[in-house]
$ cat coords01.tsv   # TSV, C-alpha atoms
chain	number	residue	atom	x	y	z
C	135	MET	CA	-16.06	-65.22	-3.09
C	136	SER	CA	-18.63	-66.54	-0.60
C	137	ARG	CA	-20.96	-69.34	-1.62
C	138	VAL	CA	-24.22	-70.75	-0.31
C	139	SER	CA	-25.40	-74.34	-0.59
C	140	VAL	CA	-28.61	-74.75	-2.59
C	141	PRO	CA	-31.06	-77.35	-1.26
C	142	CYS	CA	-31.78	-79.87	-3.99
C	143	HIS	CA	-33.62	-83.12	-4.62
C	144	VAL	CA	-31.69	-85.89	-6.41
C	145	LYS	CA	-34.01	-88.23	-8.25
C	146	GLY	CA	-33.31	-91.92	-8.72
C	147	THR	CA	-30.89	-92.92	-11.47
C	148	VAL	CA	-32.18	-94.11	-14.82
C	149	ALA	CA	-29.95	-96.67	-16.53
C	150	LEU	CA	-29.56	-96.84	-20.28
C	151	GLN	CA	-28.69	-100.37	-21.31
C	152	VAL	CA	-25.64	-101.11	-23.45
C	153	GLY	CA	-25.62	-104.41	-25.39
C	154	ASP	CA	-28.28	-107.06	-25.65
C	155	VAL	CA	-30.68	-106.72	-22.71
C	156	ARG	CA	-31.78	-110.35	-23.20
C	157	THR	CA	-28.34	-111.75	-22.45
C	158	SER	CA	-25.80	-111.45	-19.66
C	159	GLN	CA	-23.67	-109.28	-21.94
C	160	GLY	CA	-26.07	-106.40	-21.56
C	161	ARG	CA	-25.09	-103.88	-18.86
C	162	PRO	CA	-25.87	-100.26	-17.98
C	163	GLY	CA	-23.17	-98.11	-19.58
C	164	VAL	CA	-24.97	-94.76	-19.13
C	165	LEU	CA	-26.81	-93.38	-16.09
C	166	VAL	CA	-29.04	-90.31	-15.99
C	167	ILE	CA	-29.59	-88.41	-12.74
C	168	ASP	CA	-32.03	-85.48	-12.55
C	169	VAL	CA	-31.54	-82.82	-9.87
C	170	THR	CA	-34.39	-80.45	-9.01
C	171	PHE	CA	-34.68	-77.41	-6.73
C	172	PRO	CA	-38.30	-77.35	-5.53
C	173	SER	CA	-37.79	-74.80	-2.73
C	174	VAL	CA	-35.55	-72.36	-4.58
C	175	ALA	CA	-36.33	-69.71	-7.18
C	176	PRO	CA	-34.26	-69.73	-10.39
C	177	PHE	CA	-30.69	-69.03	-9.37
C	178	GLU	CA	-27.21	-68.55	-10.79
C	179	LEU	CA	-25.10	-71.66	-10.29
C	180	GLN	CA	-21.54	-71.12	-9.07
C	181	GLU	CA	-20.21	-74.60	-8.33
C	182	ILE	CA	-21.04	-78.30	-8.47
C	183	MET	CA	-19.17	-80.61	-6.11
C	184	PHE	CA	-19.38	-84.39	-5.73
C	185	LYS	CA	-17.42	-87.55	-5.06
C	186	ASN	CA	-16.91	-89.74	-8.07
C	187	TYR	CA	-17.55	-93.46	-7.95
C	188	TYR	CA	-16.14	-95.11	-11.07
C	189	THR	CA	-17.75	-92.74	-13.55
C	190	ALA	CA	-15.44	-92.20	-16.52
C	191	PHE	CA	-17.17	-89.29	-18.29
C	192	LEU	CA	-19.73	-86.72	-17.23
C	193	SER	CA	-22.06	-84.52	-19.26
C	194	ILE	CA	-24.48	-82.01	-17.73
C	195	ARG	CA	-27.57	-80.41	-19.16
C	196	VAL	CA	-29.38	-77.48	-17.55
C	197	ARG	CA	-32.97	-76.34	-17.82
C	198	GLN	CA	-33.21	-72.57	-17.53
C	199	HIS	CA	-36.05	-70.18	-17.00
C	200	THR	CA	-36.52	-67.87	-19.99
C	201	SER	CA	-39.78	-65.92	-19.71
C	202	THR	CA	-43.40	-66.42	-18.74
C	203	HIS	CA	-44.43	-66.93	-22.37
C	204	THR	CA	-41.57	-69.21	-23.43
C	205	PRO	CA	-41.20	-72.76	-22.06
C	206	ALA	CA	-37.91	-73.57	-20.32
C	207	LYS	CA	-35.49	-75.49	-22.50
C	208	TRP	CA	-32.62	-77.87	-21.92
C	209	VAL	CA	-29.09	-76.76	-22.84
C	210	THR	CA	-25.84	-78.76	-22.67
C	211	CYS	CA	-23.43	-76.97	-20.35
C	212	LEU	CA	-20.78	-79.69	-19.97
C	213	ARG	CA	-19.91	-82.40	-22.49
C	214	ASP	CA	-17.93	-85.60	-21.80
C	215	TYR	CA	-15.87	-84.19	-18.95
C	216	CYS	CA	-13.18	-86.77	-18.14
C	217	LEU	CA	-13.23	-88.07	-14.56
C	218	MET	CA	-11.04	-91.16	-15.14
C	219	PRO	CA	-8.09	-90.75	-17.53
C	220	ASP	CA	-8.21	-94.48	-18.23
C	221	PRO	CA	-11.69	-96.05	-17.74
C	222	HIS	CA	-10.02	-99.46	-17.26
C	223	SER	CA	-7.87	-98.36	-14.28
C	224	GLU	CA	-8.81	-96.89	-10.93
C	225	GLU	CA	-7.14	-93.50	-11.35
C	226	GLY	CA	-9.71	-90.83	-10.50
C	227	ALA	CA	-12.36	-93.44	-9.70
C	228	GLN	CA	-13.10	-92.12	-6.19
C	229	GLU	CA	-11.87	-88.52	-6.29
C	230	TYR	CA	-13.71	-85.41	-5.10
C	231	VAL	CA	-14.52	-83.15	-8.05
C	232	SER	CA	-15.45	-79.45	-8.21
C	233	LEU	CA	-16.86	-77.90	-11.38
C	234	PHE	CA	-17.17	-74.11	-11.55
C	235	LYS	CA	-19.31	-71.74	-13.54
C	236	HIS	CA	-16.45	-70.63	-15.78
C	237	GLN	CA	-15.96	-74.24	-16.96
C	238	MET	CA	-19.46	-74.46	-18.37
C	239	LEU	CA	-20.34	-74.07	-22.05
C	240	CYS	CA	-23.25	-71.72	-21.40
C	241	ASP	CA	-24.46	-69.11	-18.96
C	242	MET	CA	-25.55	-70.68	-15.66
C	243	ALA	CA	-28.13	-68.06	-14.68
C	244	ARG	CA	-31.82	-68.78	-13.95
C	245	VAL	CA	-31.23	-72.50	-13.29
C	246	LEU	CA	-34.36	-74.60	-12.75
C	247	GLU	CA	-33.08	-78.16	-13.06
C	248	LEU	CA	-29.93	-80.16	-13.81
C	249	ARG	CA	-29.47	-83.47	-15.60
C	250	LEU	CA	-26.27	-85.41	-15.04
C	251	ILE	CA	-25.36	-87.98	-17.69
C	252	LEU	CA	-22.78	-90.47	-16.43
C	253	ARG	CA	-20.88	-92.79	-18.76
C	254	GLN	CA	-18.59	-95.74	-18.09
C	255	PRO	CA	-17.52	-97.68	-21.20
C	256	SER	CA	-15.32	-100.19	-19.32
C	257	PRO	CA	-16.88	-103.59	-18.46
C	258	LEU	CA	-14.55	-103.96	-15.44
C	259	TRP	CA	-16.77	-102.09	-12.97
C	260	LEU	CA	-20.09	-103.50	-11.81
C	261	SER	CA	-21.54	-100.10	-10.89
C	262	PHE	CA	-20.78	-96.40	-11.13
C	263	THR	CA	-22.39	-93.17	-9.95
C	264	VAL	CA	-21.61	-89.85	-8.22
C	265	GLU	CA	-22.04	-89.33	-4.48
C	266	GLU	CA	-22.32	-86.46	-1.97
C	267	LEU	CA	-23.64	-84.08	-4.62
C	268	GLN	CA	-23.62	-80.42	-3.56
C	269	ILE	CA	-24.83	-77.40	-5.56
C	270	TYR	CA	-23.72	-73.87	-4.69
C	271	GLN	CA	-24.80	-70.39	-5.66
C	272	GLN	CA	-23.12	-67.07	-4.92
C	273	GLY	CA	-23.62	-65.82	-1.39
C	274	PRO	CA	-24.59	-62.28	-0.41
C	275	LYS	CA	-21.93	-59.67	-1.00
C	276	SER	CA	-20.16	-58.31	2.03
C	277	PRO	CA	-21.11	-54.69	2.89
C	278	SER	CA	-18.51	-52.18	1.83
C	279	MET	CA	-16.37	-50.80	4.61
C	280	THR	CA	-16.54	-47.05	5.18
C	281	PHE	CA	-13.80	-45.10	6.92
C	282	PRO	CA	-13.85	-41.65	8.58
C	283	LYS	CA	-12.74	-38.78	6.40
C	284	TRP	CA	-9.75	-38.09	8.61
C	285	LEU	CA	-8.57	-41.70	8.14
C	286	SER	CA	-9.16	-41.73	4.39
C	287	HIS	CA	-7.31	-38.42	3.92
C	288	PRO	CA	-4.59	-38.19	6.58
C	289	VAL	CA	-3.09	-34.79	7.30
C	290	PRO	CA	0.61	-34.66	6.36
C	291	CYS	CA	2.99	-34.50	9.29
C	292	GLU	CA	4.29	-31.08	10.25
C	293	GLN	CA	7.95	-30.45	9.57
C	294	PRO	CA	10.02	-30.21	12.79
C	295	ALA	CA	11.51	-26.83	13.66
C	296	PRO	CA	15.15	-26.51	12.59
C	297	LEU	CA	17.70	-27.02	15.31
C	298	ILE	CA	19.79	-24.07	16.46
C	299	GLU	CA	23.17	-24.42	14.88
C	300	VAL	CA	26.04	-24.42	17.27
C	301	SER	CA	29.44	-23.47	15.98
C	302	PRO	CA	32.04	-26.22	16.33
C	303	HIS	CA	34.85	-25.82	18.78
C	304	ARG	CA	38.02	-24.03	17.80
C	305	GLY	CA	40.00	-25.58	14.99
C	306	SER	CA	36.92	-26.83	13.09
C	307	GLU	CA	35.08	-25.29	10.16
C	308	PRO	CA	33.74	-21.81	11.18
C	309	CYS	CA	29.97	-21.19	11.43
C	310	VAL	CA	28.45	-19.67	8.30
C	311	ASP	CA	24.99	-18.91	9.72
C	312	SER	CA	24.10	-15.19	9.29
C	313	SER	CA	23.06	-14.74	12.92
C	314	CYS	CA	26.28	-16.38	14.03
C	315	VAL	CA	28.38	-14.09	11.83
C	316	GLN	CA	26.37	-11.05	12.94
C	317	HIS	CA	26.94	-11.56	16.67
C	318	ARG	CA	30.44	-12.99	16.65
C	319	PRO	CA	32.36	-9.63	16.67
C	320	ARG	CA	30.31	-8.28	19.58
C	321	TRP	CA	30.70	-11.52	21.52
C	322	ALA	CA	34.44	-11.64	20.82
C	323	SER	CA	34.80	-8.06	22.12
C	324	PHE	CA	32.84	-8.93	25.25
C	325	CYS	CA	35.08	-11.94	25.96
C	326	LYS	CA	38.20	-9.90	25.32
C	327	ASN	CA	37.19	-7.35	27.97
C	328	LEU	CA	36.80	-10.23	30.46
C	329	GLY	CA	40.08	-11.81	29.44
C	330	LEU	CA	38.35	-14.95	28.05
C	331	ASP	CA	38.92	-16.96	24.92
C	332	PRO	CA	35.76	-16.46	22.76
C	333	GLY	CA	36.32	-19.66	20.67
C	334	PRO	CA	34.56	-22.27	22.89
C	335	PHE	CA	31.63	-19.96	23.71
C	336	VAL	CA	30.51	-18.74	20.27
C	337	HIS	CA	26.87	-19.82	19.61
C	338	SER	CA	24.39	-18.71	16.98
C	339	VAL	CA	21.85	-17.35	19.47
C	340	PRO	CA	20.28	-13.91	19.76
C	341	SER	CA	22.11	-11.39	21.86
C	342	SER	CA	19.22	-11.29	24.34
C	343	SER	CA	19.90	-14.97	25.15
C	344	TRP	CA	23.66	-14.82	25.50
C	345	VAL	CA	24.98	-16.82	28.40
C	346	VAL	CA	28.60	-16.96	29.42
C	347	HIS	CA	29.49	-20.54	30.31
C	348	GLY	CA	32.16	-21.31	32.82
C	349	ILE	CA	32.26	-17.83	34.44

$ encode --input "coords01.tsv" --output "structure tokens"
Amino acid sequence: MSRVSVPCHVKGTVALQVGDVRTSQGRPGVLVIDVTFPSVAPFELQEIMFKNYYTAFLSIRVRQHTSTHTPAKWVTCLRDYCLMPDPHSEEGAQEYVSLFKHQMLCDMARVLELRLILRQPSPLWLSFTVEELQIYQQGPKSPSMTFPKWLSHPVPCEQPAPLIEVSPHRGSEPCVDSSCVQHRPRWASFCKNLGLDPGPFVHSVPSSSWVVHGI
């Protein structure tokens, strides 16, 4: 399926403090990133792709267009998706990630805005985020291919004409074709008058086409 990149605007991250903000123990454990699409009409999201940078869990909320009389509302479409199996180790910390429409918890049609909620509970990492964010929607469908009628419905091949059966030489199984049986007595009589052996010359051909070979 073809896809088309959707131009987007990624706003600055908003950090939610974990711990006592008045001491050095306080640190940002949750980041919120809003993504808007100012130059695009509401669209159906197909894929989200990004490079992780030490984010352990990801949740996504989507704001969708409903109708002209109803304000758009936020809906959670992804909840605590694991990007690092162990937040205290580096596995998955800098991997490229693709999330597709079928992985979401809700319909991804009529998208107006996205909100990414990043979470890192481990105190080992000084910072975390997502990079190289790309949003994709479905591309235009390819035009259907049309074929000529003669190519779509081929004419069956004609059966080849049957070969003229030639009687085997003397000593083999005799010819059982009706035309061969019909003309054999007349041909044998003709050869007898010429003093020839009719065995090697008996063919299942019409009398008008008889040819005496070797005379």

$ closest_residue --input "coords01.tsv" --among "C:Asp168, C:Asp241, C:Glu178, C:Glu265" --to "Ile194 in chain C" --atoms "only C-alpha atoms"
C:Asp168

$ residues_near_point --input "coords01.tsv" --point "(-31.4, -78.8, -20.4)" --cutoff "9 Å" --atoms "all atoms listed in the file" --output "PDB file with C-alpha atoms, in the coordinates of the input"
ATOM      1  CA  ILE C 194     -24.480 -82.010 -17.730  1.00  0.00           C
ATOM      2  CA  ARG C 195     -27.570 -80.410 -19.160  1.00  0.00           C
ATOM      3  CA  VAL C 196     -29.380 -77.480 -17.550  1.00  0.00           C
ATOM      4  CA  ARG C 197     -32.970 -76.340 -17.820  1.00  0.00           C
ATOM      5  CA  GLN C 198     -33.210 -72.570 -17.530  1.00  0.00           C
ATOM      6  CA  ALA C 206     -37.910 -73.570 -20.320  1.00  0.00           C
ATOM      7  CA  LYS C 207     -35.490 -75.490 -22.500  1.00  0.00           C
ATOM      8  CA  TRP C 208     -32.620 -77.870 -21.920  1.00  0.00           C
ATOM      9  CA  VAL C 209     -29.090 -76.760 -22.840  1.00  0.00           C
ATOM     10  CA  THR C 210     -25.840 -78.760 -22.670  1.00  0.00           C
ATOM     11  CA  CYS C 211     -23.430 -76.970 -20.350  1.00  0.00           C
ATOM     12  CA  GLU C 247     -33.080 -78.160 -13.060  1.00  0.00           C
ATOM     13  CA  LEU C 248     -29.930 -80.160 -13.810  1.00  0.00           C
ATOM     14  CA  ARG C 249     -29.470 -83.470 -15.600  1.00  0.00           C
TER      15      ARG C 249
END

$ atom_distance --input "coords01.tsv" --atom1 "CA of Phe184 in chain C" --atom2 "CA of Gly163 in chain C"
19.9 Å

$ closest_residue --input "coords01.tsv" --among "C:Leu192, C:Ala227, C:Met238, C:Val144" --to "Tyr215 in chain C" --atoms "all atoms listed in the file"
C:Leu192

$ residues_around --input "coords01.tsv" --residues "Leu165 in chain C" --least-positions-apart "6" --cutoff "9 Å" --atoms "all atoms listed in the file" --output "list in words"
Thr147, Val148, Ala149, Leu150, Gln151, Leu250, Ile251, Leu252, Arg253, Gln254, Phe262 and Thr263 of chain C

$ atom_distance --input "coords01.tsv" --atom1 "CA of Gly273 in chain C" --atom2 "CA of Ser139 in chain C"
8.7 Å

$ atom_distance --input "coords01.tsv" --atom1 "CA of Leu179 in chain C" --atom2 "CA of Ile269 in chain C"
7.4 Å

$ closest_residue --input "coords01.tsv" --among "C:Gln271, C:Gln180, C:Thr189, C:Ser261" --to "Pro221 in chain C" --atoms "only C-alpha atoms"
C:Thr189

$ closest_residue --input "coords01.tsv" --among "C:Leu233, C:Ala175, C:Leu258, C:Ala190" --to "Cys216 in chain C" --atoms "all atoms listed in the file"
C:Ala190

$ residues_near_point --input "coords01.tsv" --point "(-17.3, -75.8, -19.8)" --cutoff "8 Å" --atoms "all atoms listed in the file" --output "PyMOL selection string"
chain C and resi 211-213+235-240

$ build_atoms --input "coords01.tsv" --residues "range 190-226 of chain C" --atoms "N, CA and C atoms" --output "mmCIF file, in the coordinates of the input"
data_model
loop_
_atom_site.group_PDB
_atom_site.id
_atom_site.type_symbol
_atom_site.label_atom_id
_atom_site.label_comp_id
_atom_site.auth_asym_id
_atom_site.auth_seq_id
_atom_site.Cartn_x
_atom_site.Cartn_y
_atom_site.Cartn_z
ATOM 1 N N ALA C 190 -16.566 -92.590 -15.668
ATOM 2 C CA ALA C 190 -15.440 -92.200 -16.520
ATOM 3 C C ALA C 190 -15.657 -90.833 -17.158
ATOM 4 N N PHE C 191 -16.873 -90.547 -17.603
ATOM 5 C CA PHE C 191 -17.170 -89.290 -18.290
ATOM 6 C C PHE C 191 -18.482 -88.721 -17.784
ATOM 7 N N LEU C 192 -18.542 -87.400 -17.740
ATOM 8 C CA LEU C 192 -19.730 -86.720 -17.230
ATOM 9 C C LEU C 192 -20.166 -85.631 -18.195
ATOM 10 N N SER C 193 -21.444 -85.625 -18.523
ATOM 11 C CA SER C 193 -22.060 -84.520 -19.260
ATOM 12 C C SER C 193 -23.183 -83.960 -18.393
ATOM 13 N N ILE C 194 -23.428 -82.661 -18.533
ATOM 14 C CA ILE C 194 -24.480 -82.010 -17.730
ATOM 15 C C ILE C 194 -25.346 -81.163 -18.659
ATOM 16 N N ARG C 195 -26.634 -81.271 -18.452
ATOM 17 C CA ARG C 195 -27.570 -80.410 -19.160
ATOM 18 C C ARG C 195 -28.327 -79.588 -18.115
ATOM 19 N N VAL C 196 -28.693 -78.380 -18.477
ATOM 20 C CA VAL C 196 -29.380 -77.480 -17.550
ATOM 21 C C VAL C 196 -30.663 -76.982 -18.189
ATOM 22 N N ARG C 197 -31.698 -76.918 -17.372
ATOM 23 C CA ARG C 197 -32.970 -76.340 -17.820
ATOM 24 C C ARG C 197 -33.091 -74.975 -17.167
ATOM 25 N N GLN C 198 -33.233 -73.951 -18.007
ATOM 26 C CA GLN C 198 -33.210 -72.570 -17.530
ATOM 27 C C GLN C 198 -34.534 -71.873 -17.781
ATOM 28 N N HIS C 199 -34.854 -70.998 -16.849
ATOM 29 C CA HIS C 199 -36.050 -70.180 -17.000
ATOM 30 C C HIS C 199 -35.782 -69.083 -18.027
ATOM 31 N N THR C 200 -36.700 -68.897 -18.965
ATOM 32 C CA THR C 200 -36.520 -67.870 -19.990
ATOM 33 C C THR C 200 -37.485 -66.704 -19.768
ATOM 34 N N SER C 201 -38.770 -66.953 -19.951
ATOM 35 C CA SER C 201 -39.780 -65.920 -19.710
ATOM 36 C C SER C 201 -41.110 -66.620 -19.454
ATOM 37 N N THR C 202 -42.088 -65.841 -19.072
ATOM 38 C CA THR C 202 -43.400 -66.420 -18.740
ATOM 39 C C THR C 202 -44.108 -66.973 -19.971
ATOM 40 N N HIS C 203 -43.743 -66.506 -21.144
ATOM 41 C CA HIS C 203 -44.430 -66.930 -22.370
ATOM 42 C C HIS C 203 -43.634 -67.964 -23.148
ATOM 43 N N THR C 204 -42.399 -68.240 -22.715
ATOM 44 C CA THR C 204 -41.570 -69.210 -23.430
ATOM 45 C C THR C 204 -41.247 -70.374 -22.500
ATOM 46 N N PRO C 205 -41.498 -71.614 -22.927
ATOM 47 C CA PRO C 205 -41.200 -72.760 -22.060
ATOM 48 C C PRO C 205 -39.700 -72.906 -21.841
ATOM 49 N N ALA C 206 -39.329 -73.358 -20.641
ATOM 50 C CA ALA C 206 -37.910 -73.570 -20.320
ATOM 51 C C ALA C 206 -37.345 -74.670 -21.214
ATOM 52 N N LYS C 207 -36.118 -74.521 -21.603
ATOM 53 C CA LYS C 207 -35.490 -75.490 -22.500
ATOM 54 C C LYS C 207 -34.213 -76.038 -21.892
ATOM 55 N N TRP C 208 -33.834 -77.225 -22.375
ATOM 56 C CA TRP C 208 -32.620 -77.870 -21.920
ATOM 57 C C TRP C 208 -31.432 -77.451 -22.799
ATOM 58 N N VAL C 209 -30.303 -77.167 -22.149
ATOM 59 C CA VAL C 209 -29.090 -76.760 -22.840
ATOM 60 C C VAL C 209 -27.919 -77.564 -22.268
ATOM 61 N N THR C 210 -27.037 -78.049 -23.124
ATOM 62 C CA THR C 210 -25.840 -78.760 -22.670
ATOM 63 C C THR C 210 -24.805 -77.762 -22.173
ATOM 64 N N CYS C 211 -24.424 -77.890 -20.922
ATOM 65 C CA CYS C 211 -23.430 -76.970 -20.350
ATOM 66 C C CYS C 211 -22.092 -77.640 -20.078
ATOM 67 N N LEU C 212 -22.038 -78.963 -20.142
ATOM 68 C CA LEU C 212 -20.780 -79.690 -19.970
ATOM 69 C C LEU C 212 -20.879 -80.971 -20.790
ATOM 70 N N ARG C 213 -19.838 -81.244 -21.590
ATOM 71 C CA ARG C 213 -19.910 -82.400 -22.490
ATOM 72 C C ARG C 213 -18.698 -83.306 -22.309
ATOM 73 N N ASP C 214 -18.952 -84.548 -21.913
ATOM 74 C CA ASP C 214 -17.930 -85.600 -21.800
ATOM 75 C C ASP C 214 -16.709 -85.139 -21.005
ATOM 76 N N TYR C 215 -16.963 -84.595 -19.837
ATOM 77 C CA TYR C 215 -15.870 -84.190 -18.950
ATOM 78 C C TYR C 215 -15.214 -85.446 -18.382
ATOM 79 N N CYS C 216 -13.896 -85.555 -18.522
ATOM 80 C CA CYS C 216 -13.180 -86.770 -18.140
ATOM 81 C C CYS C 216 -12.943 -86.807 -16.625
ATOM 82 N N LEU C 217 -13.448 -87.865 -15.987
ATOM 83 C CA LEU C 217 -13.230 -88.070 -14.560
ATOM 84 C C LEU C 217 -12.207 -89.169 -14.285
ATOM 85 N N MET C 218 -12.032 -90.092 -15.250
ATOM 86 C CA MET C 218 -11.040 -91.160 -15.140
ATOM 87 C C MET C 218 -10.197 -91.155 -16.416
ATOM 88 N N PRO C 219 -8.922 -90.790 -16.323
ATOM 89 C CA PRO C 219 -8.090 -90.750 -17.530
ATOM 90 C C PRO C 219 -8.093 -92.059 -18.312
ATOM 91 N N ASP C 220 -8.110 -93.166 -17.597
ATOM 92 C CA ASP C 220 -8.210 -94.480 -18.230
ATOM 93 C C ASP C 220 -9.392 -95.203 -17.594
ATOM 94 N N PRO C 221 -10.504 -95.392 -18.325
ATOM 95 C CA PRO C 221 -11.690 -96.050 -17.740
ATOM 96 C C PRO C 221 -11.414 -97.453 -17.226
ATOM 97 N N HIS C 222 -10.325 -98.085 -17.662
ATOM 98 C CA HIS C 222 -10.020 -99.460 -17.260
ATOM 99 C C HIS C 222 -9.114 -99.526 -16.035
ATOM 100 N N SER C 223 -8.670 -98.374 -15.518
ATOM 101 C CA SER C 223 -7.870 -98.360 -14.280
ATOM 102 C C SER C 223 -8.587 -97.506 -13.246
ATOM 103 N N GLU C 224 -8.097 -97.542 -12.027
ATOM 104 C CA GLU C 224 -8.810 -96.890 -10.930
ATOM 105 C C GLU C 224 -8.412 -95.433 -10.709
ATOM 106 N N GLU C 225 -7.542 -94.898 -11.524
ATOM 107 C CA GLU C 225 -7.140 -93.500 -11.350
ATOM 108 C C GLU C 225 -8.344 -92.576 -11.504
ATOM 109 N N GLY C 226 -8.583 -91.767 -10.477
ATOM 110 C CA GLY C 226 -9.710 -90.830 -10.500
ATOM 111 C C GLY C 226 -11.046 -91.446 -10.194
#
